[in-house]
Every structure is written in structure tokens, then in C-alpha cells.
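*Asks:* If it helps, the file is called upload_37.pdb and holds PDB, C-alpha atoms and all ligand atoms:
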```
ATOM      1  CA  MET D  28     -14.022  12.962  -2.972
ATOM      2  CA  HIS D  29     -15.798  12.334   0.266
ATOM      3  CA  PHE D  30     -14.736  10.018   3.073
ATOM      4  CA  THR D  31     -17.183   9.460   5.881
ATOM      5  CA  GLU D  32     -14.451   7.927   8.046
ATOM      6  CA  ASP D  33     -12.231   9.807  10.441
ATOM      7  CA  ILE D  34      -9.248  10.704   8.271
ATOM      8  CA  LEU D  35      -6.825  10.032  11.155
ATOM      9  CA  THR D  36      -7.911   6.421  11.512
ATOM     10  CA  LEU D  37      -8.623   5.801   7.843
ATOM     11  CA  PHE D  38      -5.712   3.443   7.174
ATOM     12  CA  ASP D  39      -5.678   1.844  10.590
ATOM     13  CA  LYS D  40      -9.363   0.965  10.712
ATOM     14  CA  LYS D  41     -10.332   0.629   7.083
ATOM     15  CA  TRP D  42      -7.136  -0.787   5.573
ATOM     16  CA  ALA D  43      -6.189  -0.279   1.927
ATOM     17  CA  LEU D  44      -4.404  -2.009  -0.926
ATOM     18  CA  VAL D  45      -1.179  -0.726  -2.357
ATOM     19  CA  THR D  46      -0.513  -1.904  -5.896
ATOM     20  CA  ALA D  47       2.465  -1.389  -8.206
ATOM     21  CA  GLY D  48       3.366  -2.701 -11.627
ATOM     22  CA  ASP D  49       1.761  -3.202 -14.996
ATOM     23  CA  ILE D  50      -1.516  -5.047 -15.533
ATOM     24  CA  SER D  51       0.551  -7.879 -17.041
ATOM     25  CA  ASP D  52       2.877  -8.015 -14.037
ATOM     26  CA  PHE D  53       1.928  -6.330 -10.780
ATOM     27  CA  ASN D  54       1.641  -7.070  -7.088
ATOM     28  CA  THR D  55      -0.706  -5.945  -4.363
ATOM     29  CA  MET D  56      -0.675  -6.045  -0.606
ATOM     30  CA  THR D  57      -2.818  -4.821   2.248
ATOM     31  CA  ILE D  58      -1.643  -1.853   4.290
ATOM     32  CA  SER D  59      -2.889  -0.234   7.440
ATOM     33  CA  TRP D  60      -0.092   2.272   7.854
ATOM     34  CA  GLY D  61      -0.249   5.331   5.682
ATOM     35  CA  ALA D  62      -0.881   9.039   5.609
ATOM     36  CA  LEU D  63      -2.587  11.665   3.499
ATOM     37  CA  GLY D  64      -1.250  15.198   3.517
ATOM     38  CA  THR D  65       0.865  17.797   1.806
ATOM     39  CA  LEU D  66       4.546  17.809   0.851
ATOM     40  CA  TRP D  67       6.378  20.269  -1.361
ATOM     41  CA  SER D  68       2.981  21.905  -1.927
ATOM     42  CA  LYS D  69       1.594  18.717  -3.446
ATOM     43  CA  PRO D  70      -1.203  16.486  -2.194
ATOM     44  CA  VAL D  71       0.513  13.271  -1.129
ATOM     45  CA  CYS D  72      -0.196   9.777   0.061
ATOM     46  CA  THR D  73       2.590   8.105   2.029
ATOM     47  CA  VAL D  74       2.831   4.348   2.518
ATOM     48  CA  TYR D  75       5.289   2.100   4.360
ATOM     49  CA  VAL D  76       6.344  -1.204   2.812
ATOM     50  CA  LYS D  77       8.763  -3.628   4.421
ATOM     51  CA  PRO D  78      11.665  -4.736   2.198
ATOM     52  CA  VAL D  79      10.721  -8.399   2.765
ATOM     53  CA  ARG D  80       7.376  -7.922   0.987
ATOM     54  CA  TYR D  81       7.153  -9.019  -2.649
ATOM     55  CA  THR D  82       5.333  -5.748  -3.294
ATOM     56  CA  HIS D  83       8.521  -3.916  -2.298
ATOM     57  CA  GLU D  84      10.197  -5.089  -5.522
ATOM     58  CA  TYR D  85       7.346  -3.560  -7.516
ATOM     59  CA  MET D  86       7.402  -0.332  -5.503
ATOM     60  CA  GLU D  87      11.114  -0.001  -6.236
ATOM     61  CA  ALA D  88      10.791  -0.797  -9.935
ATOM     62  CA  ASN D  89       7.858   1.463 -10.772
ATOM     63  CA  ASP D  90       7.253   5.212 -10.824
ATOM     64  CA  TYR D  91       3.591   4.924  -9.873
ATOM     65  CA  PHE D  92       1.537   3.070  -7.295
ATOM     66  CA  THR D  93      -2.124   3.078  -6.367
ATOM     67  CA  VAL D  94      -3.778   3.112  -2.955
ATOM     68  CA  SER D  95      -7.291   1.669  -3.024
ATOM     69  CA  PHE D  96      -9.987   1.694  -0.363
ATOM     70  CA  PHE D  97     -12.910  -0.730  -0.178
ATOM     71  CA  ASP D  98     -16.265  -1.158   1.486
ATOM     72  CA  GLU D  99     -16.439  -3.372   4.538
ATOM     73  CA  LYS D 100     -17.735  -6.382   2.589
ATOM     74  CA  TYR D 101     -14.333  -6.719   0.916
ATOM     75  CA  ARG D 102     -12.432  -7.057   4.199
ATOM     76  CA  PRO D 103     -11.961 -10.820   3.768
ATOM     77  CA  ALA D 104     -10.364 -10.128   0.365
ATOM     78  CA  LEU D 105      -8.017  -7.618   1.980
ATOM     79  CA  GLY D 106      -7.303 -10.257   4.631
ATOM     80  CA  ILE D 107      -6.117 -12.664   1.924
ATOM     81  CA  LEU D 108      -3.993 -10.017   0.208
ATOM     82  CA  GLY D 109      -2.439  -9.112   3.549
ATOM     83  CA  SER D 110      -1.597 -12.620   4.700
ATOM     84  CA  LYS D 111      -0.385 -14.349   1.523
ATOM     85  CA  SER D 112       2.510 -13.376  -0.710
ATOM     86  CA  GLY D 113       2.349 -12.894  -4.445
ATOM     87  CA  ARG D 114       5.662 -14.755  -4.476
ATOM     88  CA  ASP D 115       3.906 -17.965  -3.525
ATOM     89  CA  CYS D 116       0.450 -17.890  -5.086
ATOM     90  CA  SER D 117      -2.051 -16.022  -7.262
ATOM     91  CA  LYS D 118      -3.527 -14.239  -4.298
ATOM     92  CA  VAL D 119      -5.381 -11.655  -6.370
ATOM     93  CA  GLU D 120      -7.346 -14.437  -8.082
ATOM     94  CA  GLU D 121      -7.977 -15.958  -4.683
ATOM     95  CA  SER D 122      -9.280 -12.666  -3.337
ATOM     96  CA  LYS D 123     -11.817 -12.488  -6.204
ATOM     97  CA  LEU D 124     -11.046  -8.803  -6.697
ATOM     98  CA  THR D 125     -10.809  -7.611 -10.294
ATOM     99  CA  PRO D 126      -7.655  -5.721 -11.234
ATOM    100  CA  VAL D 127      -8.070  -2.965 -13.793
ATOM    101  CA  ARG D 128      -5.535  -1.095 -15.903
ATOM    102  CA  ILE D 129      -5.814   2.602 -15.047
ATOM    103  CA  GLY D 130      -2.841   3.694 -17.154
ATOM    104  CA  GLU D 131       0.632   2.625 -18.181
ATOM    105  CA  ASN D 132       2.059   0.762 -15.191
ATOM    106  CA  ILE D 133      -0.940   1.803 -13.095
ATOM    107  CA  VAL D 134      -3.288  -0.860 -11.755
ATOM    108  CA  GLY D 135      -6.328  -0.500  -9.507
ATOM    109  CA  TYR D 136      -9.400  -2.550  -8.666
ATOM    110  CA  VAL D 137     -12.906  -2.492 -10.079
ATOM    111  CA  GLN D 138     -14.411  -2.997  -6.612
ATOM    112  CA  ALA D 139     -12.525  -0.112  -4.934
ATOM    113  CA  SER D 140     -14.663   2.700  -3.570
ATOM    114  CA  HIS D 141     -11.779   5.178  -3.815
ATOM    115  CA  THR D 142      -8.432   4.934  -5.584
ATOM    116  CA  PHE D 143      -5.493   7.296  -5.348
ATOM    117  CA  VAL D 144      -3.089   7.203  -8.266
ATOM    118  CA  CYS D 145       0.285   8.172  -6.851
ATOM    119  CA  ARG D 146       3.487   9.233  -8.587
ATOM    120  CA  LYS D 147       6.461   8.245  -6.471
ATOM    121  CA  ILE D 148       8.294  11.433  -5.548
ATOM    122  CA  TYR D 149      10.325  10.205  -2.569
ATOM    123  CA  ARG D 150      11.479   6.919  -1.074
ATOM    124  CA  GLN D 151      13.562   6.300   1.984
ATOM    125  CA  ASP D 152      14.352   3.331   4.173
ATOM    126  CA  LEU D 153      13.351   4.252   7.705
ATOM    127  CA  ASP D 154      16.470   4.744   9.789
ATOM    128  CA  ALA D 155      16.506   2.551  12.900
ATOM    129  CA  SER D 156      18.962   4.903  14.603
ATOM    130  CA  ALA D 157      16.457   7.753  14.327
ATOM    131  CA  MET D 158      13.652   5.840  16.073
ATOM    132  CA  THR D 159      12.935   5.671  19.735
ATOM    133  CA  GLU D 160      14.181   2.504  21.359
ATOM    134  CA  ALA D 161      10.601   1.529  22.116
ATOM    135  CA  VAL D 162       9.627   1.642  18.432
ATOM    136  CA  ARG D 163      12.763  -0.194  17.378
ATOM    137  CA  GLU D 164      12.149  -2.955  19.910
ATOM    138  CA  ALA D 165       8.451  -3.225  19.141
ATOM    139  CA  TYR D 166       8.730  -3.379  15.369
ATOM    140  CA  TYR D 167      12.230  -4.055  14.105
ATOM    141  CA  GLU D 168      13.890  -6.690  16.255
ATOM    142  CA  THR D 169      13.844  -9.286  13.501
ATOM    143  CA  GLU D 170      13.202  -7.513  10.189
ATOM    144  CA  ALA D 171      14.597  -4.448   8.450
ATOM    145  CA  PRO D 172      12.567  -1.236   8.820
ATOM    146  CA  HIS D 173       9.897  -0.233   6.346
ATOM    147  CA  THR D 174      10.635   1.796   3.257
ATOM    148  CA  MET D 175       8.616   4.988   3.149
ATOM    149  CA  TYR D 176       7.177   5.935  -0.229
ATOM    150  CA  VAL D 177       5.689   9.361  -0.724
ATOM    151  CA  GLY D 178       3.393   9.520  -3.736
ATOM    152  CA  GLU D 179       2.058  12.687  -5.272
ATOM    153  CA  ILE D 180      -1.655  12.107  -5.752
ATOM    154  CA  VAL D 181      -2.107  12.667  -9.465
ATOM    155  CA  GLY D 182      -5.513  11.078  -9.811
ATOM    156  CA  ILE D 183      -8.472  10.129  -7.674
ATOM    157  CA  GLY D 184     -11.094   7.652  -8.785
TER     158      GLY D 184
HETATM  159  C1  LIG J 201      -4.382  -5.322   8.080
HETATM  160  C2  LIG J 201      -2.999  -5.455   7.537
HETATM  161  C3  LIG J 201      -2.202  -4.330   7.414
HETATM  162  C4  LIG J 201      -0.888  -4.411   6.915
HETATM  163  N1  LIG J 201      -0.151  -3.260   6.785
HETATM  164  C5  LIG J 201       1.106  -3.344   6.283
HETATM  165  C6  LIG J 201       1.859  -2.148   6.075
HETATM  166  O1  LIG J 201       1.396  -1.014   6.286
HETATM  167  N2  LIG J 201       3.136  -2.287   5.618
HETATM  168  C7  LIG J 201       3.697  -3.524   5.348
HETATM  169  O2  LIG J 201       4.850  -3.585   4.928
HETATM  170  N3  LIG J 201       2.973  -4.660   5.508
HETATM  171  C8  LIG J 201       1.681  -4.595   5.950
HETATM  172  N4  LIG J 201       0.935  -5.738   6.074
HETATM  173  C9  LIG J 201       1.519  -7.045   5.696
HETATM  174  C10 LIG J 201       1.423  -7.369   4.200
HETATM  175  O3  LIG J 201       0.166  -7.018   3.654
HETATM  176  C11 LIG J 201       1.640  -8.885   4.015
HETATM  177  O4  LIG J 201       2.912  -9.231   4.511
HETATM  178  C12 LIG J 201       1.453  -9.360   2.585
HETATM  179  O5  LIG J 201       1.271 -10.760   2.618
HETATM  180  C13 LIG J 201       2.617  -9.010   1.679
HETATM  181  O6  LIG J 201       2.352  -9.533   0.422
HETATM  182  P1  LIG J 201       3.445  -9.607  -0.747
HETATM  183  O7  LIG J 201       4.589 -10.484  -0.257
HETATM  184  O8  LIG J 201       2.699 -10.216  -1.892
HETATM  185  O9  LIG J 201       3.892  -8.203  -0.996
HETATM  186  C14 LIG J 201      -0.379  -5.675   6.553
HETATM  187  C15 LIG J 201      -1.178  -6.820   6.671
HETATM  188  C16 LIG J 201      -2.481  -6.714   7.137
HETATM  189  C17 LIG J 201      -3.347  -7.950   7.233
END
```
Show the structure stored in the file as C-alpha cells.
Ligand SMILES: Cc1cc2nc3c(=O)[nH]c(=O)nc-3n(C[C@H](O)[C@H](O)[C@H](O)COP(=O)(O)O)c2cc1C
*Replies:*
Amino acid sequence: MHFTEDILTLFDKKWALVTAGDISDFNTMTISWGALGTLWSKPVCTVYVKPVRYTHEYMEANDYFTVSFFDEKYRPALGILGSKSGRDCSKVEESKLTPVRIGENIVGYVQASHTFVCRKIYRQDLDASAMTEAVREAYYETEAPHTMYVGEIVGIG
């Protein structure tokens, strides 16, 4: 797989979709926080999902999630998926992206340029007491901290 972007700014600048669930019942949201790397000698993709997100329920309930990247022309679609909640509307239909079943309880998107299929190997609620005060004040004054999900990358498409 070949990314032309700077790997350090990949999530921040390009954004991605994280998706969990089965093709008959899944949810997706836009993320710009994430990391690619190595843990326990495995290639991993780590994402951070706030407990208030509808997607969080799907991340908790499923053993797999996907992280999908898109060309620039799909940014408005990612904007929709990152500003509306699947609790309230059919935002995937609204985005005009086409979900595709990759495997059992694994959903991606036809339009994605790159998709990581991730097997959840670790989850942890970020601990506010372990953060600097500056981070806590900047990000967690009103809502509970993100849950970190580390996924072993078991497939790349
Ligand atoms: C560019 C962008 C990046 C985002 N990154 C994250 C993220 O990394 N983690 C997170 O919890 N929410 C992030 N969000 C917010 C969610 O995508 C947004 O709240 C979404 O509507 C949640 O949808 P859901 O309720 O259907 O899960 C981001 C939103 C945008 C627009």
C-alpha cells in the first residue's frame, strides 16, 4: 500500500471513516485522530471515539472495525458523516457513499481509496487523571474522555 501523504498528518489532514457493525446494522463516523504503528509486534491502527458518539456503541459491541480513507472529492461526504449522528438520521444515505460488506461484521465503502480492516485487540477509556491539565481543560471540560481502540490490521484494501 502506498500513501503519498505525510504519515504523521494523515488523519489530521485527510480524515477517515471508522465503521463498526454488520452490513445490516452498522454505524460510521468521521475521525481525524488516529495512529498507525506497531504494538505487541503487530501492525496496528488506533482510533479514539468519544462515548457520546453513536458509533461508540458499535465499537463496543463488535470485534472488528474498519478505517477508510478517501480522495479529496469525498470530503463533503466525510463532513456529513462527522457532523450528523446515525442516531438521528440515515447519514450514510445522505453522504451518497456506498457501504460494502467486507466480511462478517466488517463493513467498508466502495469509494474508499484505502481501507484497513482492524481486529480490536485493546480498548481503554482515556484516564483524565493521567492527562496534563492543559489537555483536560481543552478537551474534556464537558464530555467524558475518548475511548482508545487499538485494532490489529488484519487486512488492507
Ligand atoms: C473532521 C472531523 C474529525 C473528527 N474526529 C473525531 C475523532 O477522532 N473522535 C471522535 O470521537 N469524534 C470525532 N469527530 C466527531 C464525530 O465524527 C461526530 O460527532 C459524528 O457526528 C458522530 O456520529 P455518530 O453519533 O453517528 O457516531 C470528528 C468530526 C469531524 C468533522
*Asks:* For this file, the PyMOL selection byres (((not hetatm)) within 7 of (chain J and resi 201)) selects which residues, as a PDB file with C-alpha atoms, in the coordinates of the input?
*Replies:*
```
ATOM      1  CA  TRP D  42      -7.136  -0.787   5.573  1.00  0.00           C
ATOM      2  CA  ASN D  54       1.641  -7.070  -7.088  1.00  0.00           C
ATOM      3  CA  THR D  55      -0.706  -5.945  -4.363  1.00  0.00           C
ATOM      4  CA  MET D  56      -0.675  -6.045  -0.606  1.00  0.00           C
ATOM      5  CA  THR D  57      -2.818  -4.821   2.248  1.00  0.00           C
ATOM      6  CA  ILE D  58      -1.643  -1.853   4.290  1.00  0.00           C
ATOM      7  CA  SER D  59      -2.889  -0.234   7.440  1.00  0.00           C
ATOM      8  CA  TRP D  60      -0.092   2.272   7.854  1.00  0.00           C
ATOM      9  CA  GLY D  61      -0.249   5.331   5.682  1.00  0.00           C
ATOM     10  CA  VAL D  74       2.831   4.348   2.518  1.00  0.00           C
ATOM     11  CA  TYR D  75       5.289   2.100   4.360  1.00  0.00           C
ATOM     12  CA  VAL D  76       6.344  -1.204   2.812  1.00  0.00           C
ATOM     13  CA  LYS D  77       8.763  -3.628   4.421  1.00  0.00           C
ATOM     14  CA  ARG D  80       7.376  -7.922   0.987  1.00  0.00           C
ATOM     15  CA  TYR D  81       7.153  -9.019  -2.649  1.00  0.00           C
ATOM     16  CA  THR D  82       5.333  -5.748  -3.294  1.00  0.00           C
ATOM     17  CA  HIS D  83       8.521  -3.916  -2.298  1.00  0.00           C
ATOM     18  CA  GLY D 106      -7.303 -10.257   4.631  1.00  0.00           C
ATOM     19  CA  LEU D 108      -3.993 -10.017   0.208  1.00  0.00           C
ATOM     20  CA  GLY D 109      -2.439  -9.112   3.549  1.00  0.00           C
ATOM     21  CA  SER D 110      -1.597 -12.620   4.700  1.00  0.00           C
ATOM     22  CA  LYS D 111      -0.385 -14.349   1.523  1.00  0.00           C
ATOM     23  CA  SER D 112       2.510 -13.376  -0.710  1.00  0.00           C
ATOM     24  CA  GLY D 113       2.349 -12.894  -4.445  1.00  0.00           C
ATOM     25  CA  ARG D 114       5.662 -14.755  -4.476  1.00  0.00           C
ATOM     26  CA  HIS D 173       9.897  -0.233   6.346  1.00  0.00           C
TER      27      HIS D 173
END
```
*Asks:* For the PyMOL selection byres (((chain D and resi 170) around 12) and not hetatm), applied here, can you spell out every residue it catches as an MDAnalysis selection string?
*Replies:* chainID D and resid 76:80 155 163:169 171:174
*Asks:* Could you tell me which of D:Met175, D:Asp39, D:Arg128, D:Glu120 comes closest to Leu153 in chain D if we count only C-alpha atoms?
*Replies:*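 Closest residue, counting only C-alpha atoms: D:Met175.
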*Asks:* Write out as a list in words each polymer residue whose atoms come within 8 Å of range 65-71 of chain D, counting only C-alpha atoms; drop sequence neighbours fewer than 6 positions from it.
*Replies:* Cys145, Val177, Gly178, Glu179 and Ile180 of chain D
*Asks:* Take the residues from that selection and write them out as a PDB file, in the coordinates of the input, keeping C-alpha atoms.
*Replies:*
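Output file again.pdb is given in full below:
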```pdb
ATOM      1  CA  CYS D 145       0.285   8.172  -6.851  1.00  0.00           C
ATOM      2  CA  VAL D 177       5.689   9.361  -0.724  1.00  0.00           C
ATOM      3  CA  GLY D 178       3.393   9.520  -3.736  1.00  0.00           C
ATOM      4  CA  GLU D 179       2.058  12.687  -5.272  1.00  0.00           C
ATOM      5  CA  ILE D 180      -1.655  12.107  -5.752  1.00  0.00           C
TER       6      ILE D 180
END
```
*Asks:* With a distance cut-off of 10 Å and only C-alpha atoms, select the neighbouring residues of Ser122 in chain D, excluding the residue or stretch itself and same-chain residues fewer than 5 positions from it, and output the selection as an MDAnalysis selection string.
*Replies:* chainID D and resid 101:108 117
*Asks:* Write to file, as a compact mmCIF listing (two decimals), keeping the file's coordinate frame, the residues of the selection just made, with C-alpha atoms.
*Replies:*
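Dumped to result12.txt:
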```
# COMPACT_ATOMS: atom_id res chain seq x y z
CA TYR D 101 -14.33 -6.72 0.92
CA ARG D 102 -12.43 -7.06 4.20
CA PRO D 103 -11.96 -10.82 3.77
CA ALA D 104 -10.36 -10.13 0.36
CA LEU D 105 -8.02 -7.62 1.98
CA GLY D 106 -7.30 -10.26 4.63
CA ILE D 107 -6.12 -12.66 1.92
CA LEU D 108 -3.99 -10.02 0.21
CA SER D 117 -2.05 -16.02 -7.26
```
*Asks:* How big is the axis-aligned box around all listed atoms of range 148-162 of chain D once 8 Å goes on each side, and where's its centre, in Å to one decimal, as AutoDock Vina command-line options?
*Replies:*
```
--center_x 13.6 --center_y 6.5 --center_z 8.3 --size_x 26.7 --size_y 25.9 --size_z 43.7
```
*Asks:* Counting all atoms listed in the file, find residues at most 10 Å from (-2.4, -0.4, -17.2) (file frame) and give them as a list of chain:residue names.
*Replies:*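 In the file's frame, the residues around the point are D:Gly48, D:Asp49, D:Ile50, D:Ser51, D:Asp52, D:Phe53, D:Pro126, D:Val127, D:Arg128, D:Ile129, D:Gly130, D:Glu131, D:Asn132, D:Ile133, D:Val134, D:Gly135.
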*Asks:* For the point (0.4, -0.4, -3.6) in file coordinates, what residues are within 6 Å, counting all atoms listed in the file? Give the answer as an MDAnalysis selection string?
*Replies:* chainID D and resid 44:47 55 92:94
*Asks:* Mind giving me the straight-line distance from CA of Gly182 in chain D to CA of His141 in chain D in Å, one decimal?
*Replies:*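 For CA of Gly182 in chain D relative to CA of His141 in chain D, the distance reads 10.5 Å.
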*Asks:* For the PyMOL selection byres (((chain D and resi 142) around 7) and not hetatm), applied here, can you spell out every residue it catches as a list in words?
*Replies:*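 Applied to this file, the PyMOL selection byres (((chain D and resi 142) around 7) and not hetatm) selects Thr93, Val94, Ser95, Phe96, Ala139, Ser140, His141, Phe143, Val144, Ile183 and Gly184 of chain D.
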*Asks:* Taking only C-alpha atoms into account, name the residue in D:Ala157, D:Cys116, D:Met86, D:Phe97 that is nearest to Val137 in chain D.
*Replies:*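 Result for the nearest residue to Val137 in chain D: D:Phe97.
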*Asks:* What is the CA of Arg150 in chain D to CA of Tyr85 in chain D distance in Å?
*Replies:*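 Answer for the CA of Arg150 in chain D to CA of Tyr85 in chain D separation: 13.0 Å.
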*Asks:* Calculate how many Å separate CA of Asp90 in chain D from CA of Lys147 in chain D, rounding to one decimal.
*Replies:*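 Spanning CA of Asp90 in chain D to CA of Lys147 in chain D is a straight-line distance of 5.4 Å.
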*Asks:* Calculated over only C-alpha atoms, which of the candidates D:Thr159, D:Glu121, D:Ala88, D:Phe38 has the smallest distance to Cys72 in chain D?
*Replies:*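 Of the candidates, the smallest distance to Cys72 in chain D is held by D:Phe38.
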*Asks:* For range 144-174 of chain D, supply N, CA and C atoms and report the output as a compact mmCIF listing (two decimals), keeping the file's coordinate frame.
*Replies:*
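For reference, rebuild-v8.txt as written:
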```txt
# COMPACT_ATOMS: atom_id res chain seq x y z
N VAL D 144 -4.21 7.50 -7.38
CA VAL D 144 -3.09 7.20 -8.27
C VAL D 144 -1.93 8.09 -7.81
N CYS D 145 -0.83 7.44 -7.48
CA CYS D 145 0.28 8.17 -6.85
C CYS D 145 1.55 8.07 -7.70
N ARG D 146 2.18 9.21 -7.91
CA ARG D 146 3.49 9.23 -8.59
C ARG D 146 4.56 9.30 -7.51
N LYS D 147 5.44 8.33 -7.53
CA LYS D 147 6.46 8.24 -6.47
C LYS D 147 7.38 9.46 -6.55
N ILE D 148 7.41 10.26 -5.50
CA ILE D 148 8.29 11.43 -5.55
C ILE D 148 9.40 11.36 -4.48
N TYR D 149 9.29 10.35 -3.60
CA TYR D 149 10.32 10.20 -2.57
C TYR D 149 10.26 8.79 -2.03
N ARG D 150 11.43 8.22 -1.76
CA ARG D 150 11.48 6.92 -1.07
C ARG D 150 12.66 6.94 -0.12
N GLN D 151 12.47 6.37 1.02
CA GLN D 151 13.56 6.30 1.98
C GLN D 151 13.35 5.12 2.92
N ASP D 152 14.42 4.39 3.16
CA ASP D 152 14.35 3.33 4.17
C ASP D 152 14.34 4.00 5.53
N LEU D 153 13.39 3.65 6.37
CA LEU D 153 13.35 4.25 7.70
C LEU D 153 14.65 3.90 8.43
N ASP D 154 15.17 4.86 9.14
CA ASP D 154 16.47 4.74 9.79
C ASP D 154 16.29 4.31 11.25
N ALA D 155 16.71 3.09 11.55
CA ALA D 155 16.51 2.55 12.90
C ALA D 155 17.16 3.43 13.96
N SER D 156 18.26 4.09 13.60
CA SER D 156 18.96 4.90 14.60
C SER D 156 18.20 6.19 14.92
N ALA D 157 17.23 6.53 14.09
CA ALA D 157 16.46 7.75 14.33
C ALA D 157 15.15 7.47 15.06
N MET D 158 14.90 6.20 15.37
CA MET D 158 13.65 5.84 16.07
C MET D 158 13.88 5.80 17.56
N THR D 159 12.81 5.89 18.30
CA THR D 159 12.94 5.67 19.74
C THR D 159 13.24 4.18 19.94
N GLU D 160 13.86 3.89 21.06
CA GLU D 160 14.18 2.50 21.36
C GLU D 160 12.91 1.66 21.42
N ALA D 161 11.87 2.26 21.96
CA ALA D 161 10.60 1.53 22.12
C ALA D 161 10.06 1.09 20.75
N VAL D 162 10.11 1.98 19.78
CA VAL D 162 9.63 1.64 18.43
C VAL D 162 10.51 0.57 17.82
N ARG D 163 11.82 0.77 17.96
CA ARG D 163 12.76 -0.19 17.38
C ARG D 163 12.52 -1.60 17.95
N GLU D 164 12.34 -1.65 19.26
CA GLU D 164 12.15 -2.96 19.91
C GLU D 164 10.80 -3.57 19.54
N ALA D 165 9.80 -2.71 19.42
CA ALA D 165 8.45 -3.22 19.14
C ALA D 165 8.31 -3.74 17.71
N TYR D 166 9.02 -3.08 16.78
CA TYR D 166 8.73 -3.38 15.37
C TYR D 166 9.89 -3.94 14.56
N TYR D 167 11.12 -3.73 15.02
CA TYR D 167 12.23 -4.06 14.10
C TYR D 167 13.32 -4.92 14.73
N GLU D 168 12.90 -5.80 15.65
CA GLU D 168 13.89 -6.69 16.26
C GLU D 168 14.38 -7.72 15.26
N THR D 169 13.48 -8.17 14.38
CA THR D 169 13.84 -9.29 13.50
C THR D 169 13.91 -8.92 12.02
N GLU D 170 13.23 -7.86 11.62
CA GLU D 170 13.20 -7.51 10.19
C GLU D 170 13.62 -6.06 9.97
N ALA D 171 14.15 -5.81 8.79
CA ALA D 171 14.60 -4.45 8.45
C ALA D 171 13.40 -3.49 8.44
N PRO D 172 13.65 -2.23 8.79
CA PRO D 172 12.57 -1.24 8.82
C PRO D 172 11.90 -1.02 7.46
N HIS D 173 10.68 -0.53 7.54
CA HIS D 173 9.90 -0.23 6.35
C HIS D 173 10.61 0.79 5.44
N THR D 174 10.29 0.71 4.17
CA THR D 174 10.64 1.80 3.26
C THR D 174 9.42 2.71 3.17
```
